[in-house]
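Participant: Below is coords.txt; it holds compact mmCIF, N, CA and C atoms.
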```
# COMPACT_ATOMS: atom_id res chain seq x y z
N GLN O 799 46.53 -45.10 -26.57
CA GLN O 799 47.82 -44.58 -26.98
C GLN O 799 47.92 -44.60 -28.50
N VAL O 800 48.38 -43.49 -29.06
CA VAL O 800 48.49 -43.38 -30.51
C VAL O 800 49.74 -44.10 -30.97
N GLN O 801 49.58 -44.88 -32.04
CA GLN O 801 50.73 -45.59 -32.60
C GLN O 801 50.66 -45.63 -34.11
N LEU O 802 51.84 -45.61 -34.73
CA LEU O 802 51.96 -45.90 -36.15
C LEU O 802 52.70 -47.21 -36.28
N VAL O 803 52.18 -48.10 -37.09
CA VAL O 803 52.78 -49.41 -37.25
C VAL O 803 53.04 -49.68 -38.72
N GLU O 804 54.33 -49.87 -39.05
CA GLU O 804 54.72 -50.19 -40.41
C GLU O 804 54.72 -51.70 -40.61
N SER O 805 54.46 -52.12 -41.83
CA SER O 805 54.55 -53.52 -42.19
C SER O 805 54.86 -53.62 -43.67
N GLY O 806 55.22 -54.82 -44.10
CA GLY O 806 55.45 -55.06 -45.51
C GLY O 806 56.91 -55.15 -45.92
N GLY O 807 57.80 -54.90 -44.98
CA GLY O 807 59.22 -55.01 -45.30
C GLY O 807 59.64 -56.45 -45.51
N GLY O 808 60.86 -56.62 -46.00
CA GLY O 808 61.35 -57.97 -46.22
C GLY O 808 62.56 -57.97 -47.12
N LEU O 809 62.90 -59.15 -47.61
CA LEU O 809 64.04 -59.35 -48.50
C LEU O 809 63.54 -59.53 -49.92
N VAL O 810 64.13 -58.79 -50.84
CA VAL O 810 63.72 -58.87 -52.24
C VAL O 810 64.96 -58.73 -53.11
N GLN O 811 64.92 -59.29 -54.29
CA GLN O 811 66.04 -59.17 -55.22
C GLN O 811 65.97 -57.82 -55.93
N ALA O 812 67.11 -57.37 -56.38
CA ALA O 812 67.16 -56.13 -57.15
C ALA O 812 66.22 -56.22 -58.35
N GLY O 813 65.51 -55.14 -58.59
CA GLY O 813 64.52 -55.11 -59.65
C GLY O 813 63.12 -55.49 -59.19
N GLY O 814 63.02 -56.01 -58.00
CA GLY O 814 61.73 -56.43 -57.47
C GLY O 814 60.94 -55.30 -56.86
N SER O 815 59.81 -55.68 -56.25
CA SER O 815 58.89 -54.70 -55.67
C SER O 815 58.46 -55.11 -54.28
N LEU O 816 58.13 -54.11 -53.49
CA LEU O 816 57.53 -54.31 -52.18
C LEU O 816 56.52 -53.19 -51.96
N ARG O 817 55.50 -53.48 -51.14
CA ARG O 817 54.58 -52.42 -50.73
C ARG O 817 54.57 -52.35 -49.21
N LEU O 818 54.96 -51.19 -48.70
CA LEU O 818 54.93 -50.95 -47.27
C LEU O 818 53.59 -50.33 -46.87
N SER O 819 53.15 -50.65 -45.68
CA SER O 819 51.93 -50.06 -45.13
C SER O 819 52.25 -49.38 -43.81
N CYS O 820 51.53 -48.31 -43.53
CA CYS O 820 51.65 -47.59 -42.27
C CYS O 820 50.24 -47.40 -41.74
N ALA O 821 49.92 -48.09 -40.68
CA ALA O 821 48.58 -48.03 -40.11
C ALA O 821 48.61 -47.29 -38.78
N ALA O 822 47.61 -46.45 -38.58
CA ALA O 822 47.51 -45.70 -37.33
C ALA O 822 46.46 -46.33 -36.43
N SER O 823 46.80 -46.41 -35.17
CA SER O 823 45.84 -46.88 -34.18
C SER O 823 45.74 -45.86 -33.07
N GLY O 824 44.55 -45.71 -32.53
CA GLY O 824 44.37 -44.78 -31.42
C GLY O 824 44.15 -43.36 -31.85
N ARG O 825 44.27 -43.08 -33.15
CA ARG O 825 44.06 -41.71 -33.64
C ARG O 825 43.85 -41.81 -35.14
N THR O 826 42.94 -41.02 -35.64
CA THR O 826 42.80 -40.96 -37.07
C THR O 826 43.81 -39.96 -37.61
N PHE O 827 44.53 -40.32 -38.63
CA PHE O 827 45.48 -39.36 -39.19
C PHE O 827 45.05 -38.90 -40.59
N SER O 828 43.74 -39.01 -40.85
CA SER O 828 43.25 -38.58 -42.15
C SER O 828 43.36 -37.08 -42.35
N SER O 829 43.61 -36.32 -41.29
CA SER O 829 43.74 -34.87 -41.41
C SER O 829 45.18 -34.40 -41.48
N TYR O 830 46.11 -35.35 -41.50
CA TYR O 830 47.52 -35.01 -41.37
C TYR O 830 48.35 -35.55 -42.53
N ALA O 831 49.38 -34.79 -42.91
CA ALA O 831 50.34 -35.30 -43.87
C ALA O 831 51.15 -36.43 -43.25
N VAL O 832 51.50 -37.40 -44.06
CA VAL O 832 52.28 -38.55 -43.60
C VAL O 832 53.46 -38.75 -44.54
N GLY O 833 54.61 -38.97 -43.95
CA GLY O 833 55.81 -39.15 -44.75
C GLY O 833 56.47 -40.49 -44.48
N TRP O 834 57.35 -40.86 -45.40
CA TRP O 834 58.22 -42.03 -45.23
C TRP O 834 59.67 -41.54 -45.23
N PHE O 835 60.44 -42.08 -44.33
CA PHE O 835 61.86 -41.84 -44.25
C PHE O 835 62.57 -43.19 -44.19
N ARG O 836 63.87 -43.18 -44.44
CA ARG O 836 64.62 -44.42 -44.32
C ARG O 836 66.00 -44.12 -43.76
N GLN O 837 66.56 -45.13 -43.13
CA GLN O 837 67.91 -44.99 -42.59
C GLN O 837 68.66 -46.29 -42.76
N ALA O 838 69.79 -46.19 -43.46
CA ALA O 838 70.68 -47.32 -43.66
C ALA O 838 71.77 -47.28 -42.59
N PRO O 839 72.39 -48.42 -42.29
CA PRO O 839 73.44 -48.44 -41.26
C PRO O 839 74.56 -47.47 -41.58
N GLY O 840 74.90 -46.66 -40.61
CA GLY O 840 75.99 -45.72 -40.78
C GLY O 840 75.67 -44.50 -41.61
N LYS O 841 74.41 -44.34 -41.98
CA LYS O 841 74.02 -43.20 -42.81
C LYS O 841 72.98 -42.35 -42.10
N GLU O 842 72.84 -41.12 -42.59
CA GLU O 842 71.84 -40.22 -42.06
C GLU O 842 70.44 -40.68 -42.48
N ARG O 843 69.45 -40.30 -41.68
CA ARG O 843 68.07 -40.55 -42.08
C ARG O 843 67.75 -39.77 -43.34
N GLU O 844 67.06 -40.39 -44.26
CA GLU O 844 66.80 -39.80 -45.57
C GLU O 844 65.30 -39.72 -45.83
N PHE O 845 64.88 -38.59 -46.34
CA PHE O 845 63.49 -38.41 -46.72
C PHE O 845 63.19 -39.25 -47.96
N VAL O 846 62.04 -39.91 -47.98
CA VAL O 846 61.64 -40.73 -49.12
C VAL O 846 60.45 -40.12 -49.85
N ALA O 847 59.35 -39.88 -49.12
CA ALA O 847 58.14 -39.37 -49.77
C ALA O 847 57.19 -38.83 -48.70
N VAL O 848 56.27 -37.98 -49.15
CA VAL O 848 55.23 -37.45 -48.26
C VAL O 848 53.95 -37.30 -49.06
N ILE O 849 52.85 -37.43 -48.36
CA ILE O 849 51.53 -37.25 -48.98
C ILE O 849 50.71 -36.34 -48.08
N ASN O 850 49.96 -35.43 -48.68
CA ASN O 850 49.19 -34.52 -47.86
C ASN O 850 47.95 -35.21 -47.29
N TRP O 851 47.16 -34.50 -46.49
CA TRP O 851 46.08 -35.13 -45.75
C TRP O 851 45.02 -35.74 -46.66
N SER O 852 44.79 -35.14 -47.83
CA SER O 852 43.73 -35.64 -48.70
C SER O 852 44.23 -36.68 -49.70
N GLY O 853 45.55 -36.74 -49.87
CA GLY O 853 46.10 -37.63 -50.89
C GLY O 853 46.26 -36.95 -52.24
N GLY O 854 45.90 -35.68 -52.31
CA GLY O 854 45.95 -34.98 -53.58
C GLY O 854 47.29 -34.39 -53.94
N SER O 855 48.23 -34.43 -53.01
CA SER O 855 49.55 -33.85 -53.25
C SER O 855 50.63 -34.75 -52.67
N THR O 856 51.66 -34.97 -53.46
CA THR O 856 52.76 -35.83 -53.03
C THR O 856 54.10 -35.20 -53.40
N TYR O 857 55.14 -35.66 -52.73
CA TYR O 857 56.48 -35.14 -52.98
C TYR O 857 57.45 -36.27 -52.68
N TYR O 858 58.50 -36.39 -53.54
CA TYR O 858 59.42 -37.51 -53.41
C TYR O 858 60.87 -37.04 -53.31
N GLY O 859 61.66 -37.86 -52.65
CA GLY O 859 63.09 -37.61 -52.66
C GLY O 859 63.66 -37.96 -54.02
N ASP O 860 64.75 -37.31 -54.41
CA ASP O 860 65.31 -37.49 -55.74
C ASP O 860 65.71 -38.94 -56.01
N SER O 861 66.16 -39.65 -55.00
CA SER O 861 66.67 -41.00 -55.22
C SER O 861 65.56 -42.02 -55.50
N VAL O 862 64.31 -41.66 -55.25
CA VAL O 862 63.21 -42.63 -55.45
C VAL O 862 62.20 -42.17 -56.49
N LYS O 863 62.35 -40.98 -57.01
CA LYS O 863 61.40 -40.47 -58.00
C LYS O 863 61.29 -41.41 -59.18
N GLY O 864 60.07 -41.68 -59.59
CA GLY O 864 59.83 -42.54 -60.73
C GLY O 864 59.80 -44.02 -60.39
N ARG O 865 60.21 -44.37 -59.17
CA ARG O 865 60.22 -45.78 -58.76
C ARG O 865 59.27 -46.06 -57.61
N PHE O 866 59.10 -45.10 -56.72
CA PHE O 866 58.24 -45.27 -55.54
C PHE O 866 56.99 -44.42 -55.70
N THR O 867 55.89 -44.93 -55.13
CA THR O 867 54.63 -44.19 -55.14
C THR O 867 54.00 -44.24 -53.75
N ILE O 868 53.68 -43.07 -53.22
CA ILE O 868 53.01 -42.99 -51.93
C ILE O 868 51.52 -42.76 -52.17
N SER O 869 50.70 -43.39 -51.36
CA SER O 869 49.25 -43.23 -51.47
C SER O 869 48.64 -43.43 -50.09
N ARG O 870 47.36 -43.14 -49.99
CA ARG O 870 46.70 -43.32 -48.70
C ARG O 870 45.25 -43.71 -48.90
N ASP O 871 44.73 -44.42 -47.91
CA ASP O 871 43.32 -44.78 -47.86
C ASP O 871 42.83 -44.31 -46.50
N ASN O 872 42.22 -43.15 -46.46
CA ASN O 872 41.83 -42.57 -45.18
C ASN O 872 40.72 -43.38 -44.51
N ALA O 873 39.93 -44.07 -45.29
CA ALA O 873 38.88 -44.91 -44.69
C ALA O 873 39.50 -46.05 -43.88
N LYS O 874 40.71 -46.47 -44.28
CA LYS O 874 41.41 -47.54 -43.58
C LYS O 874 42.49 -47.01 -42.65
N ASN O 875 42.61 -45.67 -42.61
CA ASN O 875 43.61 -45.05 -41.74
C ASN O 875 45.01 -45.59 -42.03
N THR O 876 45.31 -45.74 -43.32
CA THR O 876 46.55 -46.38 -43.75
C THR O 876 47.19 -45.60 -44.89
N VAL O 877 48.51 -45.51 -44.83
CA VAL O 877 49.32 -44.92 -45.91
C VAL O 877 50.22 -46.03 -46.46
N TYR O 878 50.42 -46.00 -47.77
CA TYR O 878 51.19 -47.04 -48.44
C TYR O 878 52.42 -46.43 -49.13
N LEU O 879 53.42 -47.27 -49.32
CA LEU O 879 54.57 -46.90 -50.14
C LEU O 879 54.84 -48.07 -51.08
N GLN O 880 54.48 -47.90 -52.33
CA GLN O 880 54.77 -48.91 -53.35
C GLN O 880 56.16 -48.66 -53.89
N MET O 881 57.01 -49.68 -53.78
CA MET O 881 58.40 -49.54 -54.17
C MET O 881 58.68 -50.51 -55.32
N ASN O 882 59.00 -49.96 -56.48
CA ASN O 882 59.30 -50.76 -57.66
C ASN O 882 60.75 -50.55 -58.07
N SER O 883 61.23 -51.45 -58.92
CA SER O 883 62.60 -51.36 -59.43
C SER O 883 63.60 -51.14 -58.31
N LEU O 884 63.48 -51.95 -57.28
CA LEU O 884 64.31 -51.77 -56.09
C LEU O 884 65.78 -52.03 -56.40
N LYS O 885 66.63 -51.27 -55.73
CA LYS O 885 68.08 -51.37 -55.89
C LYS O 885 68.71 -51.72 -54.55
N PRO O 886 69.90 -52.30 -54.56
CA PRO O 886 70.57 -52.60 -53.28
C PRO O 886 70.72 -51.36 -52.39
N GLU O 887 70.88 -50.21 -53.00
CA GLU O 887 71.03 -48.98 -52.20
C GLU O 887 69.73 -48.53 -51.55
N ASP O 888 68.62 -49.20 -51.84
CA ASP O 888 67.36 -48.92 -51.14
C ASP O 888 67.28 -49.66 -49.81
N THR O 889 68.25 -50.51 -49.54
CA THR O 889 68.26 -51.26 -48.29
C THR O 889 68.36 -50.30 -47.10
N ALA O 890 67.41 -50.42 -46.18
CA ALA O 890 67.35 -49.52 -45.02
C ALA O 890 66.19 -49.94 -44.13
N VAL O 891 66.12 -49.32 -42.98
CA VAL O 891 64.91 -49.38 -42.16
C VAL O 891 64.02 -48.22 -42.60
N TYR O 892 62.79 -48.53 -42.91
CA TYR O 892 61.84 -47.53 -43.39
C TYR O 892 60.87 -47.17 -42.27
N TYR O 893 60.71 -45.87 -42.08
CA TYR O 893 59.85 -45.35 -41.03
C TYR O 893 58.74 -44.49 -41.64
N CYS O 894 57.54 -44.62 -41.11
CA CYS O 894 56.51 -43.65 -41.46
C CYS O 894 56.34 -42.68 -40.30
N ALA O 895 55.88 -41.49 -40.62
CA ALA O 895 55.74 -40.45 -39.61
C ALA O 895 54.59 -39.52 -39.98
N ALA O 896 53.89 -39.02 -38.99
CA ALA O 896 52.77 -38.13 -39.22
C ALA O 896 53.08 -36.73 -38.70
N GLN O 897 52.65 -35.74 -39.43
CA GLN O 897 52.84 -34.35 -38.99
C GLN O 897 51.81 -34.03 -37.90
N GLY O 898 52.11 -32.97 -37.17
CA GLY O 898 51.29 -32.66 -36.01
C GLY O 898 50.20 -31.64 -36.22
N TYR O 899 50.15 -31.00 -37.41
CA TYR O 899 49.17 -29.96 -37.65
C TYR O 899 48.20 -30.41 -38.73
N ALA O 900 46.91 -30.37 -38.42
CA ALA O 900 45.90 -30.83 -39.36
C ALA O 900 45.81 -29.92 -40.57
N PHE O 901 45.59 -30.54 -41.71
CA PHE O 901 45.34 -29.85 -42.98
C PHE O 901 46.48 -28.94 -43.42
N ARG O 902 47.67 -29.21 -42.93
CA ARG O 902 48.82 -28.41 -43.36
C ARG O 902 49.20 -28.78 -44.79
N PRO O 903 49.33 -27.82 -45.69
CA PRO O 903 49.74 -28.14 -47.06
C PRO O 903 51.21 -28.54 -47.10
N LEU O 904 51.57 -29.29 -48.12
CA LEU O 904 52.97 -29.64 -48.28
C LEU O 904 53.77 -28.39 -48.60
N SER O 905 55.03 -28.39 -48.16
CA SER O 905 55.88 -27.23 -48.38
C SER O 905 57.30 -27.72 -48.61
N ALA O 906 58.19 -26.78 -48.82
CA ALA O 906 59.59 -27.13 -49.02
C ALA O 906 60.18 -27.81 -47.78
N ASN O 907 59.56 -27.61 -46.63
CA ASN O 907 60.05 -28.23 -45.39
C ASN O 907 59.46 -29.60 -45.13
N SER O 908 58.62 -30.08 -46.00
CA SER O 908 57.95 -31.36 -45.77
C SER O 908 58.93 -32.53 -45.78
N ASP O 909 60.16 -32.29 -46.27
CA ASP O 909 61.15 -33.36 -46.27
C ASP O 909 62.01 -33.35 -45.00
N SER O 910 61.69 -32.47 -44.08
CA SER O 910 62.45 -32.38 -42.85
C SER O 910 61.80 -33.23 -41.76
N ALA O 911 62.59 -34.05 -41.09
CA ALA O 911 62.07 -34.90 -40.02
C ALA O 911 61.48 -34.07 -38.88
N GLN O 912 61.91 -32.84 -38.75
CA GLN O 912 61.42 -31.99 -37.66
C GLN O 912 59.96 -31.61 -37.84
N MET O 913 59.42 -31.80 -39.03
CA MET O 913 58.02 -31.47 -39.29
C MET O 913 57.08 -32.55 -38.77
N TYR O 914 57.61 -33.67 -38.31
CA TYR O 914 56.80 -34.84 -37.95
C TYR O 914 56.91 -35.10 -36.46
N ASP O 915 55.78 -35.38 -35.84
CA ASP O 915 55.83 -35.55 -34.39
C ASP O 915 55.43 -36.94 -33.93
N LEU O 916 55.04 -37.80 -34.85
CA LEU O 916 54.67 -39.15 -34.46
C LEU O 916 55.33 -40.12 -35.43
N TRP O 917 56.08 -41.08 -34.88
CA TRP O 917 56.89 -41.99 -35.70
C TRP O 917 56.54 -43.44 -35.39
N GLY O 918 56.65 -44.28 -36.42
CA GLY O 918 56.52 -45.71 -36.23
C GLY O 918 57.84 -46.32 -35.81
N GLN O 919 57.82 -47.63 -35.61
CA GLN O 919 59.02 -48.32 -35.12
C GLN O 919 59.95 -48.76 -36.25
N GLY O 920 59.46 -48.70 -37.48
CA GLY O 920 60.29 -49.03 -38.63
C GLY O 920 60.12 -50.46 -39.10
N THR O 921 60.39 -50.66 -40.38
CA THR O 921 60.36 -51.99 -40.98
C THR O 921 61.57 -52.13 -41.89
N GLN O 922 62.22 -53.27 -41.82
CA GLN O 922 63.47 -53.48 -42.56
C GLN O 922 63.17 -53.88 -44.00
N VAL O 923 63.85 -53.20 -44.92
CA VAL O 923 63.81 -53.57 -46.34
C VAL O 923 65.24 -53.90 -46.75
N THR O 924 65.42 -55.09 -47.31
CA THR O 924 66.74 -55.52 -47.77
C THR O 924 66.64 -55.94 -49.23
N VAL O 925 67.47 -55.31 -50.06
CA VAL O 925 67.47 -55.59 -51.48
C VAL O 925 68.80 -56.25 -51.82
N SER O 926 68.73 -57.46 -52.32
CA SER O 926 69.94 -58.20 -52.66
C SER O 926 70.30 -57.99 -54.12
N SER O 927 71.59 -58.02 -54.39
CA SER O 927 72.05 -57.78 -55.77
C SER O 927 72.13 -59.08 -56.55
```
In structure tokens, write the structure found in this file.

Facilitator:
Amino acid sequence: QVQLVESGGGLVQAGGSLRLSCAASGRTFSSYAVGWFRQAPGKEREFVAVINWSGGSTYYGDSVKGRFTISRDNAKNTVYLQMNSLKPEDTAVYYCAAQGYAFRPLSANSDSAQMYDLWGQGTQVTVSS
């Protein structure tokens, strides 16, 4: 069974850093774009970042540009989200998700959750002020 498993969440003070990991089991996702989304209580799910299959192209949501970095290690079947200069408003459950079409280039729709067909269970990130 194919699964995505996020890890690395936790409690951090404002201004601190965390690195989230998204590991795939049961399927290699080195041919697929992978994105991160987040959802805070009472709010809509929000796009955070996406990386294409090779790692050569990335795209970020406006609220995290300049603070978060997405990367991948296809040999380890893992995608990372390095989060720096964290703010209380970054508090949310963070989800990774993989697109369903191999070698698809990033597009204007890459920030849409509908482009992704495999989701992890999420990891909680809490930033205290």

Participant: With all atoms listed in the file as the atoms that count, which of O:Leu802, O:Gly807, O:Ala847, O:Thr924 lies nearest to Ala890 of chain O?

Facilitator: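 Closest to Ala890 of chain O of all the choices is O:Thr924.
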
Participant: With distances taken over only N, CA and C atoms, which residue among O:Ser905, O:Gln919, O:Ser910, O:Asn882 lies nearest Leu816 of chain O?

Facilitator: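 Looking at the shortest contact to Leu816 of chain O, the residue is O:Asn882.
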
Participant: Report the distance between atom CA of Pro886 of chain O and atom CA of Arg817 of chain O in Å, rounded to one decimal place.

Facilitator: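 Separation between atom CA of Pro886 of chain O and atom CA of Arg817 of chain O: 16.2 Å.
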
Participant: Quick check, in Å to one decimal: how far apart do atom CA of Val848 of chain O and atom CA of Ser927 of chain O lie?

Facilitator: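 It comes out at 27.4 Å.
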
Participant: Enclose segment 894-902 of chain O, meaning all of its atoms listed in the file, in a box aligned along x, y and z, pad it by 3 Å on each side, and list the centre and edge lengths in Å to one decimal, as JSON.

Facilitator:
```
{"center_x": 51.4, "center_y": -36.5, "center_z": -40.4, "size_x": 18.2, "size_y": 22.2, "size_z": 14.8}
```

Participant: Compare O:Lys841, O:Arg870, O:Arg836, O:Lys863 by their minimum atom-to-atom distance to Tyr893 of chain O, counting only C-alpha atoms, and give me the closest one.

Facilitator: O:Arg836

Participant: Please measure the separation of atom CA of Tyr878 of chain O and atom CA of Leu818 of chain O, giving the value in Å to one decimal.

Facilitator: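 So the two atoms, atom CA of Tyr878 of chain O and atom CA of Leu818 of chain O, lie 5.5 Å apart.
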
Participant: Point out the residue among O:Val862, O:Arg825, O:Gly898, O:Asp915 with the least atom-to-atom distance to Gln799 of chain O, counting all atoms listed in the file.

Facilitator: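 Of all the options, O:Arg825 lies closest to Gln799 of chain O.
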
Participant: Which neighbours of Asn850 of chain O fall inside 7 Å, counting only C-alpha atoms, when residues of the same chain fewer than 6 positions from it are skipped, and could you give them as JSON, numbers by chain?

Facilitator: {"O": [830, 831, 832, 856, 903, 904]}

Participant: Which of segment 890-924 of chain O end up as strand (DSSP E) when DSSP is run on this backbone - answer as a list in words?

Facilitator: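 Answer for segment 890-924 of chain O, restricted to strand (DSSP E): Ala890, Val891, Tyr892, Tyr893, Cys894, Ala895, Ala896, Gln897, Tyr914, Asp915, Leu916, Trp917, Thr921, Gln922, Val923 and Thr924 of chain O.
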
Participant: Nearest residue to Glu804 of chain O out of O:Ala911, O:Val925, O:Tyr892, O:Phe845, using all atoms listed in the file?

Facilitator: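 For Glu804 of chain O, the nearest of the candidates is O:Tyr892.
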
Participant: Restricting the calculation to only N, CA and C atoms: of O:Cys820, O:Cys894, O:Leu916, O:Val923, which residue gets closest to Trp834 of chain O?

Facilitator: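 Smallest distance to Trp834 of chain O is found for O:Cys894.
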